[in-house]
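Participant: Have a look at this one before I ask anything.
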Amino acid sequence: MIQFDRVWKTYPGGAEAVCDLSMEVAEGETVVLLGTSGSGKTTTLKMVNRLIEPTRGRIVINGTDIMEQDLIQLRRGIGYAIQYIGLFPHMTISENISVVPNLLKWPRDRTAERVDELLTISGLDPEEFRERYPAQLSGGQRQRVGVARALASDPPFVLMDEPFGALDPITREQLQDEFIELESEIKKTILFVTHDVFEAVKMGDRIALLDAGRLQQLSTPAELVENPANEFVDSFLGQHRFQLSLLTKTIKTIMPELRPTSPESGSAKSEARLRARSSLIEALDLFKKTKQATLPVYEGKRFLGPIEKKQLLKVITEVLGETGETS
Amino acid sequence: MNTLIAFFQKLGPEMLQRTMEHVYLTFLALVIAIMIALPLGIYLTRCRRPKLVSAIMGAVGIIQTVPTLALIAFVVLIFALVGLPTIGTLPALVALTLYALLPILRNTYTSIRQVDPSVIEVARGMGMTSNQILFSVELPLSLPVIMAGIRISTVWTIGIATLCGLVGAGGLGDLILKGLRSYLMDYLLAGTVPAAVLALIFDSALSGLEKWLTPQGLKS
Ligand SMILES: Nc1ncnc2c1ncn2[C@@H]1O[C@H](COP(=O)(O)OP(=O)(O)O)[C@@H](O)[C@H]1O
Ligand SMILES: [Mg+2]
């Protein structure tokens with residue numbers, strides 16, 4: 001768990017980058033720090049691994065104030081990945097990923113095994129990429145290595161500062177999906193910075209929206225979109241409200257009457273299945289792809305009931321009405 | 001052909017000895033210059049006082065603008081004032097070392113400063129100590145540029161060391177001076193040609209070393 005307790009950061013020039021920030025990132029949770037450029041996201045993140053020292057307040061990790069922990073040990077226990085990646089150009093991919101395991105004096109074969117494992121789950125063939133140099137990789141591949149390096153020693157905490165920010169939209173989405181997939185297995189406590197509200201909604205269990213160094217709202221993506229805490233949050237979401245609603249509303253939220261007790265209907269023979277936690281966008285996509293009029297909804301392996309395309313479209317029209325009024 | 005053989009019979013041994021002296025002087029000056037400039041350059045990249053950094057860089061830069069002959073004269077004069085020997089290897093060595101400092105210092109300082117800041121940031125963020133960052137990130141990445149500085153210093157020093165004949169430090173400058181005083185072309189050549197050849201040899205040897213030391217991942 002990471003706790004911020006009334007944290008302030010004022011830079012020597014007088015810029016108040018972070019003002020009176022209090023929040024918690026629970027174990028295994030991903031909290032996204034969201035905000036426009038200059039809102040204090042990077043400053044907040046870097047205070048956790050003490051690349052920047054707070055002016056006032058406490059940050060507690062694992063129950064201990066970070067200022068009381070050994071600086072080097074603290075950092076070695078926290079994965080760190082940034083937009084500009086910062087791969088070591090003179091080291092091979094394998095050497096880059098091995099940096100922290102080597103600092104922690106892991107045995108050689110364990111490190112080598114870990115490198116191959118990480119390359120594999122990052123979608124990079126170890127045989128092909130292990131001995132390459134960063135200059136011989138594409139931007140997307142480099143960023144995968146950057147993330148793999150941050151995870152190398154399997155740290156319980158990970159800090160990520162716009163890690164996919166420099167990528168083209170397609171590669172970016174691919175890496176986001178891969179990371180969500182990976183994250184669901186490793187369950188780390190993650191603080192993730194982005195200025196992109198869609199990325200925030202996609203990656204975050206909760207979103208911390210910052211403005212001018214002040215926390216505006218800390219809530220789940222759905223809550224943020226449904227119930228903006230103030231004018232600022234409302235205008236920040238702005239014209240994206242409709243799309244965001246389709247992303248954050250799930251089948252379950254629009255059809256609360258679905259229960260595992262519902263008897264299986266004919267349409268359940270369909271190969272294509274929706275999940276109770278699928279977003280409306282995902283549902284719409286699946287209807288488009290399968291061209292079916294009804295799709296079965298499952299929660300895990302249990303069948304909940306059918307949903308009709310008509311039903312979905314009706315809800316979407318309603319959402320359009322709601323979000324149209326507010327924006 | 002016969003004149004060439006006669007030339008070598010007459011001047012060969014002296015040429016060889018002067019060349020050895022020349023190499024010795026150059027080598028010594030460079031080793032001392034590297035021992036000063038490299039740590040100083042590294043220290044300056046760590047120094048949090050920008051005024052001190054520009055003062056030191058400026059001072060070393062000014063040495064460079066003093067005409068070589070004048071610098072040697074100053075060193076001799078100062079040596080005379082403080083009672084140190086004014087003739088021989090020592091004043092020559094001091095002047096040469098002062099001259100060789102700048103390219104090494106400047107290249108060390110700027111190449112370390114130019115290492116991609118995001119690389120350094122991640123290195124710190126991952127928990128590398130300042131020394132680990134220096135030795136396994138900054139220096140390997142800066143090595144080619146530092147080597148280029150050493151190469152420039154070497155070539156300059158070989159040329160400048162000919163002037164040290166003036167203060168009786170030996171070297172190829174001795175032969176050149178002899179040629180000048182007695183209007184003897186063969187002495188002049190015996191001093192000049194080896195100096196030029198030495199410069200060429202060291203230049204290409206050191207640029208070979210530079211390439212060899214360039215990390216694999218930085219070669220295009
Ligand atoms: N090293 C620094 N010195 C002075 N001001 C800084 C420094 N770093 C950031 N700031 C200021 O602090 C504020 C927050 O910056 P930052 O945390 O980088 O924002 P973000 O990551 O959200 O773009 C900005 O106004 C920025 O200008
Ligand atoms: Mg930032």
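Following the order of the structure tokens, first chain is A, next is B, and so on, with residues numbered from 1 inside each chain and ligands from 1 in the order they appear.
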Give as a PyMOL selection string the residues surrounding ligand 2 up to a distance of 9 Å, considering only C-alpha atoms and all ligand atoms.

Facilitator: chain A and resi 36-43+45+83+161-162+193-195

Participant: Could those residues be written to a file, using C-alpha atoms, as a tab-separated table (two decimals), in the first residue's frame?

Facilitator:
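Result saved to again.tsv:
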```
chain	number	residue	atom	x	y	z
A	36	THR	CA	-3.36	18.16	-17.99
A	37	SER	CA	0.29	18.98	-18.51
A	38	GLY	CA	1.71	20.73	-15.45
A	39	SER	CA	-0.96	19.47	-13.07
A	40	GLY	CA	1.66	17.76	-10.88
A	41	LYS	CA	1.37	14.12	-11.95
A	42	THR	CA	5.06	13.50	-12.54
A	43	THR	CA	6.01	15.32	-9.35
A	45	LEU	CA	4.98	9.99	-8.91
A	83	GLN	CA	7.71	7.82	-21.45
A	161	ASP	CA	4.93	7.86	-16.12
A	162	GLU	CA	3.07	8.01	-19.43
A	193	VAL	CA	0.45	8.65	-14.93
A	194	THR	CA	-1.35	9.80	-18.05
A	195	HIS	CA	-2.97	12.91	-19.52
```

Participant: Which residues of chain A are close to chain B, meaning at most 7 Å apart when you count only C-alpha atoms, and how do they look as a list in words?

Facilitator: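 Written out as asked, the residues are Asn49, Leu51, Ile72, Gln73, Arg75, Arg76, Gly79, Tyr80, Tyr84, Gly86, Leu87, Phe88, Pro89, His90, Met91, Val100, Tyr133 and Ala135 of chain A.
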
Participant: Go ahead and write the selection's residues with all heavy atoms as a compact mmCIF listing (two decimals), in the first residue's frame.

Facilitator:
```txt
# COMPACT_ATOMS: atom_id res chain seq x y z
N ASN A 49 9.42 7.40 -5.31
CA ASN A 49 10.74 6.76 -5.26
C ASN A 49 11.84 7.78 -4.93
O ASN A 49 13.02 7.55 -5.19
CB ASN A 49 11.06 5.98 -6.53
CG ASN A 49 11.07 6.84 -7.78
OD1 ASN A 49 10.89 8.05 -7.72
ND2 ASN A 49 11.27 6.20 -8.92
N LEU A 51 12.82 10.51 -6.16
CA LEU A 51 13.60 11.27 -7.15
C LEU A 51 13.34 12.75 -6.86
O LEU A 51 14.14 13.62 -7.22
CB LEU A 51 13.18 10.91 -8.57
CG LEU A 51 13.67 9.56 -9.08
CD1 LEU A 51 13.06 9.22 -10.42
CD2 LEU A 51 15.19 9.53 -9.16
N ILE A 72 18.38 3.61 -1.51
CA ILE A 72 18.71 2.67 -2.59
C ILE A 72 17.82 1.42 -2.51
O ILE A 72 17.30 0.95 -3.51
CB ILE A 72 20.21 2.31 -2.53
CG1 ILE A 72 21.06 3.58 -2.76
CG2 ILE A 72 20.57 1.23 -3.52
CD1 ILE A 72 20.89 4.21 -4.12
N GLN A 73 17.64 0.90 -1.30
CA GLN A 73 16.79 -0.28 -1.13
C GLN A 73 15.35 0.01 -1.53
O GLN A 73 14.69 -0.79 -2.18
CB GLN A 73 16.82 -0.78 0.32
CG GLN A 73 18.18 -1.28 0.79
CD GLN A 73 18.78 -2.28 -0.18
OE1 GLN A 73 18.09 -3.13 -0.72
NE2 GLN A 73 20.08 -2.15 -0.44
N ARG A 75 14.26 2.20 -3.70
CA ARG A 75 14.13 2.29 -5.16
C ARG A 75 14.21 0.93 -5.82
O ARG A 75 13.54 0.68 -6.82
CB ARG A 75 15.21 3.21 -5.71
CG ARG A 75 14.95 4.67 -5.41
CD ARG A 75 16.08 5.51 -5.91
NE ARG A 75 15.82 6.94 -5.67
CZ ARG A 75 16.74 7.88 -5.78
NH1 ARG A 75 17.97 7.56 -6.14
NH2 ARG A 75 16.43 9.14 -5.56
N ARG A 76 15.06 0.05 -5.28
CA ARG A 76 15.18 -1.27 -5.90
C ARG A 76 13.93 -2.10 -5.73
O ARG A 76 13.73 -3.07 -6.44
CB ARG A 76 16.42 -1.99 -5.33
CG ARG A 76 17.69 -1.35 -5.84
CD ARG A 76 18.94 -2.00 -5.30
NE ARG A 76 20.10 -1.22 -5.72
CZ ARG A 76 21.35 -1.43 -5.34
NH1 ARG A 76 21.61 -2.43 -4.52
NH2 ARG A 76 22.33 -0.67 -5.76
N GLY A 79 9.38 -0.73 -9.18
CA GLY A 79 9.62 -0.68 -10.63
C GLY A 79 9.36 0.72 -11.14
O GLY A 79 8.51 1.44 -10.61
N TYR A 80 10.11 1.13 -12.18
CA TYR A 80 9.98 2.49 -12.68
C TYR A 80 10.09 2.50 -14.20
O TYR A 80 11.08 2.03 -14.76
CB TYR A 80 11.07 3.35 -12.05
CG TYR A 80 10.96 4.83 -12.32
CD1 TYR A 80 9.76 5.51 -12.12
CD2 TYR A 80 12.05 5.57 -12.77
CE1 TYR A 80 9.66 6.88 -12.36
CE2 TYR A 80 11.96 6.93 -13.01
CZ TYR A 80 10.76 7.58 -12.80
OH TYR A 80 10.67 8.92 -13.04
N TYR A 84 10.05 8.39 -21.87
CA TYR A 84 11.26 8.43 -22.69
C TYR A 84 12.10 7.18 -22.52
O TYR A 84 13.24 7.12 -22.95
CB TYR A 84 12.04 9.72 -22.42
CG TYR A 84 11.17 10.92 -22.69
CD1 TYR A 84 10.59 11.65 -21.66
CD2 TYR A 84 10.85 11.26 -24.00
CE1 TYR A 84 9.74 12.72 -21.94
CE2 TYR A 84 10.00 12.32 -24.28
CZ TYR A 84 9.45 13.05 -23.24
OH TYR A 84 8.60 14.09 -23.52
N GLY A 86 14.43 5.48 -21.64
CA GLY A 86 15.73 5.50 -21.00
C GLY A 86 16.40 4.14 -20.95
O GLY A 86 17.01 3.78 -19.95
N LEU A 87 16.30 3.38 -22.04
CA LEU A 87 17.08 2.13 -22.11
C LEU A 87 18.55 2.51 -22.20
O LEU A 87 18.90 3.54 -22.76
CB LEU A 87 16.68 1.31 -23.33
CG LEU A 87 15.28 0.70 -23.32
CD1 LEU A 87 15.09 -0.15 -24.58
CD2 LEU A 87 15.06 -0.15 -22.08
N PHE A 88 19.41 1.65 -21.66
CA PHE A 88 20.84 1.92 -21.75
C PHE A 88 21.31 1.52 -23.14
O PHE A 88 21.31 0.34 -23.48
CB PHE A 88 21.60 1.14 -20.67
CG PHE A 88 21.13 1.48 -19.28
CD1 PHE A 88 20.67 0.51 -18.41
CD2 PHE A 88 21.12 2.80 -18.84
CE1 PHE A 88 20.23 0.83 -17.14
CE2 PHE A 88 20.67 3.14 -17.58
CZ PHE A 88 20.23 2.15 -16.72
N PRO A 89 21.73 2.50 -23.95
CA PRO A 89 22.01 2.20 -25.35
C PRO A 89 23.20 1.27 -25.56
O PRO A 89 23.30 0.62 -26.59
CB PRO A 89 22.29 3.57 -25.98
CG PRO A 89 22.44 4.53 -24.88
CD PRO A 89 21.86 3.93 -23.63
N HIS A 90 24.10 1.21 -24.57
CA HIS A 90 25.30 0.39 -24.73
C HIS A 90 25.11 -1.02 -24.19
O HIS A 90 26.04 -1.81 -24.18
CB HIS A 90 26.48 1.06 -24.05
CG HIS A 90 26.29 1.27 -22.57
ND1 HIS A 90 25.23 2.00 -22.07
CD2 HIS A 90 26.99 0.85 -21.51
CE1 HIS A 90 25.31 2.03 -20.74
NE2 HIS A 90 26.37 1.32 -20.38
N MET A 91 23.89 -1.30 -23.69
CA MET A 91 23.65 -2.64 -23.16
C MET A 91 22.66 -3.37 -24.06
O MET A 91 21.76 -2.75 -24.62
CB MET A 91 23.07 -2.56 -21.75
CG MET A 91 24.00 -1.95 -20.73
SD MET A 91 23.21 -2.03 -19.10
CE MET A 91 24.32 -0.98 -18.16
N VAL A 100 18.24 -4.44 -12.53
CA VAL A 100 17.86 -4.52 -11.11
C VAL A 100 18.16 -5.91 -10.51
O VAL A 100 18.72 -5.99 -9.42
CB VAL A 100 16.40 -4.08 -10.89
CG1 VAL A 100 16.01 -4.22 -9.43
CG2 VAL A 100 16.22 -2.63 -11.33
N TYR A 133 20.56 -4.65 -29.49
CA TYR A 133 20.73 -3.39 -28.78
C TYR A 133 19.50 -2.52 -28.98
O TYR A 133 18.78 -2.69 -29.97
CB TYR A 133 21.98 -2.67 -29.29
CG TYR A 133 23.24 -3.32 -28.79
CD1 TYR A 133 23.87 -4.31 -29.54
CD2 TYR A 133 23.75 -2.99 -27.55
CE1 TYR A 133 25.01 -4.94 -29.06
CE2 TYR A 133 24.89 -3.61 -27.07
CZ TYR A 133 25.51 -4.58 -27.82
OH TYR A 133 26.62 -5.20 -27.34
N ALA A 135 18.98 0.31 -30.11
CA ALA A 135 18.89 1.00 -31.41
C ALA A 135 18.32 0.09 -32.49
O ALA A 135 17.89 0.56 -33.54
CB ALA A 135 20.27 1.52 -31.83
```

Participant: Residues near Asp116 in chain A, anyone? I mean within 9 Å using only C-alpha atoms, not counting same-chain ones fewer than 6 positions away, as a PyMOL selection string.

Facilitator: chain A and resi 94+125-127+130

Participant: Write out as a list in words each polymer residue whose atoms come within 10 Å of Leu320 in chain A, counting only C-alpha atoms; drop sequence neighbours fewer than 5 positions from it.

Facilitator: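 The filter keeps Arg241, Phe242, Gln243, Ser245, Leu246, Lys314, Val315 and Glu325 of chain A.
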
Participant: Need the shell around Leu28 in chain B: protein/DNA/RNA residues with any atom at most 12 Å away, counting only C-alpha atoms. Skip same-chain ones fewer than 6 positions apart. Format as a count of residues only?

Facilitator: 17

Participant: Leaving out Glu185 in chain A and any residue of its chain fewer than 5 positions from it, which residues lie within 12 Å of it when counting only C-alpha atoms, given as a PDB file with N, CA, C and O atoms, in the first residue's frame?

Facilitator:
```
ATOM      1  N   GLY A  28      -2.274  -4.171  -4.711  1.00  0.00           N
ATOM      2  CA  GLY A  28      -2.796  -4.799  -5.913  1.00  0.00           C
ATOM      3  C   GLY A  28      -3.640  -3.873  -6.772  1.00  0.00           C
ATOM      4  O   GLY A  28      -4.143  -4.279  -7.813  1.00  0.00           O
ATOM      5  N   ILE A 121       6.505 -12.834 -22.287  1.00  0.00           N
ATOM      6  CA  ILE A 121       5.191 -12.242 -22.001  1.00  0.00           C
ATOM      7  C   ILE A 121       5.055 -10.849 -22.599  1.00  0.00           C
ATOM      8  O   ILE A 121       3.955 -10.341 -22.737  1.00  0.00           O
ATOM      9  N   GLU A 178      -1.940  -5.437 -23.739  1.00  0.00           N
ATOM     10  CA  GLU A 178      -0.973  -6.411 -23.235  1.00  0.00           C
ATOM     11  C   GLU A 178      -0.704  -6.190 -21.760  1.00  0.00           C
ATOM     12  O   GLU A 178      -0.612  -7.132 -20.983  1.00  0.00           O
ATOM     13  N   PHE A 179      -0.586  -4.905 -21.398  1.00  0.00           N
ATOM     14  CA  PHE A 179      -0.253  -4.628 -20.003  1.00  0.00           C
ATOM     15  C   PHE A 179      -1.398  -4.999 -19.067  1.00  0.00           C
ATOM     16  O   PHE A 179      -1.162  -5.541 -17.991  1.00  0.00           O
ATOM     17  N   ILE A 180      -2.633  -4.732 -19.509  1.00  0.00           N
ATOM     18  CA  ILE A 180      -3.792  -5.098 -18.688  1.00  0.00           C
ATOM     19  C   ILE A 180      -3.821  -6.611 -18.484  1.00  0.00           C
ATOM     20  O   ILE A 180      -4.011  -7.117 -17.374  1.00  0.00           O
TER      21      ILE A 180
END
```

Participant: Mind checking which residues fall within 10 Å of Val147 in chain A, counting only C-alpha atoms, ignoring those fewer than 4 positions away in the same chain, and posting them as a ChimeraX atom specification?

Facilitator: /A:79-82,85,97,118,122,141-143,151-152,158,160,163-164,175,179

Participant: When DSSP works through the backbone of this structure, what residues of range 57-281 of chain A end up as strand (DSSP E), shown as a PDB file with N, CA and C atoms, in the first residue's frame?

Facilitator:
```pdb
ATOM      1  N   GLY A  57       4.668  16.866   4.487  1.00  0.00           N
ATOM      2  CA  GLY A  57       3.806  15.687   4.432  1.00  0.00           C
ATOM      3  C   GLY A  57       4.600  14.393   4.418  1.00  0.00           C
ATOM      4  N   ARG A  58       3.838  13.280   4.474  1.00  0.00           N
ATOM      5  CA  ARG A  58       4.488  11.974   4.543  1.00  0.00           C
ATOM      6  C   ARG A  58       3.998  11.065   3.445  1.00  0.00           C
ATOM      7  N   ILE A  59       4.909  10.248   2.929  1.00  0.00           N
ATOM      8  CA  ILE A  59       4.499   9.181   2.032  1.00  0.00           C
ATOM      9  C   ILE A  59       4.914   7.876   2.693  1.00  0.00           C
ATOM     10  N   VAL A  60       3.946   6.982   2.831  1.00  0.00           N
ATOM     11  CA  VAL A  60       4.199   5.745   3.562  1.00  0.00           C
ATOM     12  C   VAL A  60       4.047   4.556   2.621  1.00  0.00           C
ATOM     13  N   ILE A  61       5.067   3.718   2.603  1.00  0.00           N
ATOM     14  CA  ILE A  61       5.001   2.493   1.811  1.00  0.00           C
ATOM     15  C   ILE A  61       5.233   1.321   2.745  1.00  0.00           C
ATOM     16  N   THR A  64       5.876   2.086   6.408  1.00  0.00           N
ATOM     17  CA  THR A  64       7.000   2.902   6.881  1.00  0.00           C
ATOM     18  C   THR A  64       7.135   4.158   6.029  1.00  0.00           C
ATOM     19  N   ASP A  65       7.362   5.279   6.691  1.00  0.00           N
ATOM     20  CA  ASP A  65       7.636   6.539   6.005  1.00  0.00           C
ATOM     21  C   ASP A  65       8.835   6.337   5.068  1.00  0.00           C
ATOM     22  N   ILE A  78      10.918  -0.787  -6.133  1.00  0.00           N
ATOM     23  CA  ILE A  78       9.836  -0.128  -6.859  1.00  0.00           C
ATOM     24  C   ILE A  78      10.193  -0.084  -8.344  1.00  0.00           C
ATOM     25  N   GLY A  79       9.375  -0.728  -9.178  1.00  0.00           N
ATOM     26  CA  GLY A  79       9.617  -0.680 -10.626  1.00  0.00           C
ATOM     27  C   GLY A  79       9.364   0.724 -11.143  1.00  0.00           C
ATOM     28  N   TYR A  80      10.109   1.126 -12.182  1.00  0.00           N
ATOM     29  CA  TYR A  80       9.977   2.489 -12.679  1.00  0.00           C
ATOM     30  C   TYR A  80      10.093   2.499 -14.198  1.00  0.00           C
ATOM     31  N   ALA A  81       9.053   2.984 -14.858  1.00  0.00           N
ATOM     32  CA  ALA A  81       9.082   3.074 -16.324  1.00  0.00           C
ATOM     33  C   ALA A  81       8.574   4.447 -16.741  1.00  0.00           C
ATOM     34  N   ILE A  82       9.247   5.062 -17.719  1.00  0.00           N
ATOM     35  CA  ILE A  82       8.853   6.414 -18.123  1.00  0.00           C
ATOM     36  C   ILE A  82       8.658   6.510 -19.634  1.00  0.00           C
ATOM     37  N   PHE A 157       5.712  -2.862  -6.079  1.00  0.00           N
ATOM     38  CA  PHE A 157       5.193  -1.550  -6.496  1.00  0.00           C
ATOM     39  C   PHE A 157       5.773  -1.177  -7.856  1.00  0.00           C
ATOM     40  N   VAL A 158       4.931  -0.533  -8.670  1.00  0.00           N
ATOM     41  CA  VAL A 158       5.418  -0.072  -9.970  1.00  0.00           C
ATOM     42  C   VAL A 158       4.928   1.352 -10.204  1.00  0.00           C
ATOM     43  N   LEU A 159       5.856   2.211 -10.654  1.00  0.00           N
ATOM     44  CA  LEU A 159       5.509   3.582 -11.021  1.00  0.00           C
ATOM     45  C   LEU A 159       5.676   3.715 -12.527  1.00  0.00           C
ATOM     46  N   MET A 160       4.659   4.227 -13.195  1.00  0.00           N
ATOM     47  CA  MET A 160       4.744   4.355 -14.653  1.00  0.00           C
ATOM     48  C   MET A 160       4.316   5.764 -15.059  1.00  0.00           C
ATOM     49  N   ASP A 161       5.213   6.481 -15.723  1.00  0.00           N
ATOM     50  CA  ASP A 161       4.933   7.864 -16.117  1.00  0.00           C
ATOM     51  C   ASP A 161       4.705   7.938 -17.625  1.00  0.00           C
ATOM     52  N   THR A 189       0.869  -3.250  -7.099  1.00  0.00           N
ATOM     53  CA  THR A 189       0.353  -1.950  -6.686  1.00  0.00           C
ATOM     54  C   THR A 189       0.971  -0.917  -7.620  1.00  0.00           C
ATOM     55  N   ILE A 190       0.107  -0.313  -8.434  1.00  0.00           N
ATOM     56  CA  ILE A 190       0.641   0.513  -9.526  1.00  0.00           C
ATOM     57  C   ILE A 190       0.134   1.948  -9.445  1.00  0.00           C
ATOM     58  N   LEU A 191       1.059   2.869  -9.629  1.00  0.00           N
ATOM     59  CA  LEU A 191       0.698   4.271  -9.801  1.00  0.00           C
ATOM     60  C   LEU A 191       1.051   4.612 -11.252  1.00  0.00           C
ATOM     61  N   PHE A 192       0.050   5.014 -12.000  1.00  0.00           N
ATOM     62  CA  PHE A 192       0.202   5.156 -13.452  1.00  0.00           C
ATOM     63  C   PHE A 192      -0.184   6.573 -13.852  1.00  0.00           C
ATOM     64  N   VAL A 193       0.723   7.265 -14.543  1.00  0.00           N
ATOM     65  CA  VAL A 193       0.453   8.654 -14.929  1.00  0.00           C
ATOM     66  C   VAL A 193       0.033   8.742 -16.388  1.00  0.00           C
ATOM     67  N   THR A 194      -1.013   9.508 -16.660  1.00  0.00           N
ATOM     68  CA  THR A 194      -1.355   9.797 -18.054  1.00  0.00           C
ATOM     69  C   THR A 194      -2.132  11.105 -18.131  1.00  0.00           C
ATOM     70  N   ARG A 206      -8.870   2.847 -10.080  1.00  0.00           N
ATOM     71  CA  ARG A 206      -9.376   4.152  -9.676  1.00  0.00           C
ATOM     72  C   ARG A 206      -8.572   5.228 -10.380  1.00  0.00           C
ATOM     73  N   ILE A 207      -9.184   6.393 -10.524  1.00  0.00           N
ATOM     74  CA  ILE A 207      -8.533   7.520 -11.173  1.00  0.00           C
ATOM     75  C   ILE A 207      -8.422   8.662 -10.181  1.00  0.00           C
ATOM     76  N   ALA A 208      -7.225   9.258 -10.107  1.00  0.00           N
ATOM     77  CA  ALA A 208      -7.034  10.458  -9.281  1.00  0.00           C
ATOM     78  C   ALA A 208      -6.862  11.618 -10.250  1.00  0.00           C
ATOM     79  N   LEU A 209      -7.871  12.463 -10.325  1.00  0.00           N
ATOM     80  CA  LEU A 209      -7.805  13.580 -11.260  1.00  0.00           C
ATOM     81  C   LEU A 209      -7.195  14.789 -10.564  1.00  0.00           C
ATOM     82  N   LEU A 210      -6.097  15.293 -11.139  1.00  0.00           N
ATOM     83  CA  LEU A 210      -5.388  16.416 -10.539  1.00  0.00           C
ATOM     84  C   LEU A 210      -5.567  17.671 -11.379  1.00  0.00           C
ATOM     85  N   ASP A 211      -5.622  18.804 -10.696  1.00  0.00           N
ATOM     86  CA  ASP A 211      -5.577  20.076 -11.406  1.00  0.00           C
ATOM     87  C   ASP A 211      -4.748  21.041 -10.589  1.00  0.00           C
ATOM     88  N   ARG A 214      -3.763  19.995  -7.204  1.00  0.00           N
ATOM     89  CA  ARG A 214      -4.770  19.610  -6.222  1.00  0.00           C
ATOM     90  C   ARG A 214      -5.606  18.440  -6.733  1.00  0.00           C
ATOM     91  N   LEU A 215      -5.875  17.520  -5.825  1.00  0.00           N
ATOM     92  CA  LEU A 215      -6.687  16.363  -6.165  1.00  0.00           C
ATOM     93  C   LEU A 215      -8.147  16.799  -6.303  1.00  0.00           C
ATOM     94  N   GLN A 216      -8.733  16.577  -7.474  1.00  0.00           N
ATOM     95  CA  GLN A 216     -10.109  17.004  -7.713  1.00  0.00           C
ATOM     96  C   GLN A 216     -11.106  15.898  -7.412  1.00  0.00           C
ATOM     97  N   GLN A 217     -10.732  14.683  -7.782  1.00  0.00           N
ATOM     98  CA  GLN A 217     -11.621  13.560  -7.521  1.00  0.00           C
ATOM     99  C   GLN A 217     -10.804  12.273  -7.557  1.00  0.00           C
ATOM    100  N   LEU A 218     -11.134  11.384  -6.636  1.00  0.00           N
ATOM    101  CA  LEU A 218     -10.485  10.076  -6.619  1.00  0.00           C
ATOM    102  C   LEU A 218     -11.598   9.046  -6.578  1.00  0.00           C
ATOM    103  N   SER A 219     -11.802   8.358  -7.697  1.00  0.00           N
ATOM    104  CA  SER A 219     -12.899   7.388  -7.729  1.00  0.00           C
ATOM    105  C   SER A 219     -12.700   6.408  -8.866  1.00  0.00           C
ATOM    106  N   LEU A 274     -20.904 -12.512 -24.259  1.00  0.00           N
ATOM    107  CA  LEU A 274     -20.595 -11.261 -23.587  1.00  0.00           C
ATOM    108  C   LEU A 274     -20.361 -11.561 -22.117  1.00  0.00           C
ATOM    109  N   ARG A 275     -19.565 -10.726 -21.483  1.00  0.00           N
ATOM    110  CA  ARG A 275     -19.369 -10.879 -20.050  1.00  0.00           C
ATOM    111  C   ARG A 275     -20.198  -9.824 -19.338  1.00  0.00           C
TER     112      ARG A 275
END
```

Participant: If I take CA of Leu11 in chain B and CA of Asp174 in chain B, how far is one from the other in Å, to one decimal?

Facilitator: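 These two atoms are separated by 12.5 Å.
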
Participant: Run DSSP on the backbone and give me the residues of range 113-230 of chain A it puts in helix (DSSP H, G or I), as number ranges by chain.

Facilitator: A: 113-121, 126-129, 134-136, 139-151, 169-186, 197-203, 221-226

Participant: Tell me which of A:Trp106, A:Leu304, A:Tyr298, A:Glu95 sits closest to Pro134 in chain A, counting only C-alpha atoms.

Facilitator: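 Nearest to Pro134 in chain A: A:Glu95.
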
Participant: Which residue out of A:Met67, A:Leu119, A:Leu167, A:Leu247 has the minimum interatomic distance to Gly140 in chain A when only C-alpha atoms are used?

Facilitator: A:Leu167

Participant: CA of Asn2 in chain B and CA of Thr192 in chain B are how many Å apart?

Facilitator: 21.0 Å

Participant: Calculate how many Å separate CA of Leu102 in chain B from CA of Val193 in chain B, rounding to one decimal.

Facilitator: 26.6 Å

Participant: In terms of the shortest atom-to-atom distance over only C-alpha atoms and all ligand atoms, which of A:Glu113, A:Glu128, A:Asp196, A:Glu226 is closest to ligand 1?

Facilitator: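 The answer is A:Asp196, which sits nearest to ligand 1.
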
Participant: Considering only C-alpha atoms and all ligand atoms, can you say which of A:Ala212, A:Ala112, A:Ile170, A:Ala200 comes closest to ligand 1?

Facilitator: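 That would be A:Ala212, the residue with the smallest distance to ligand 1.
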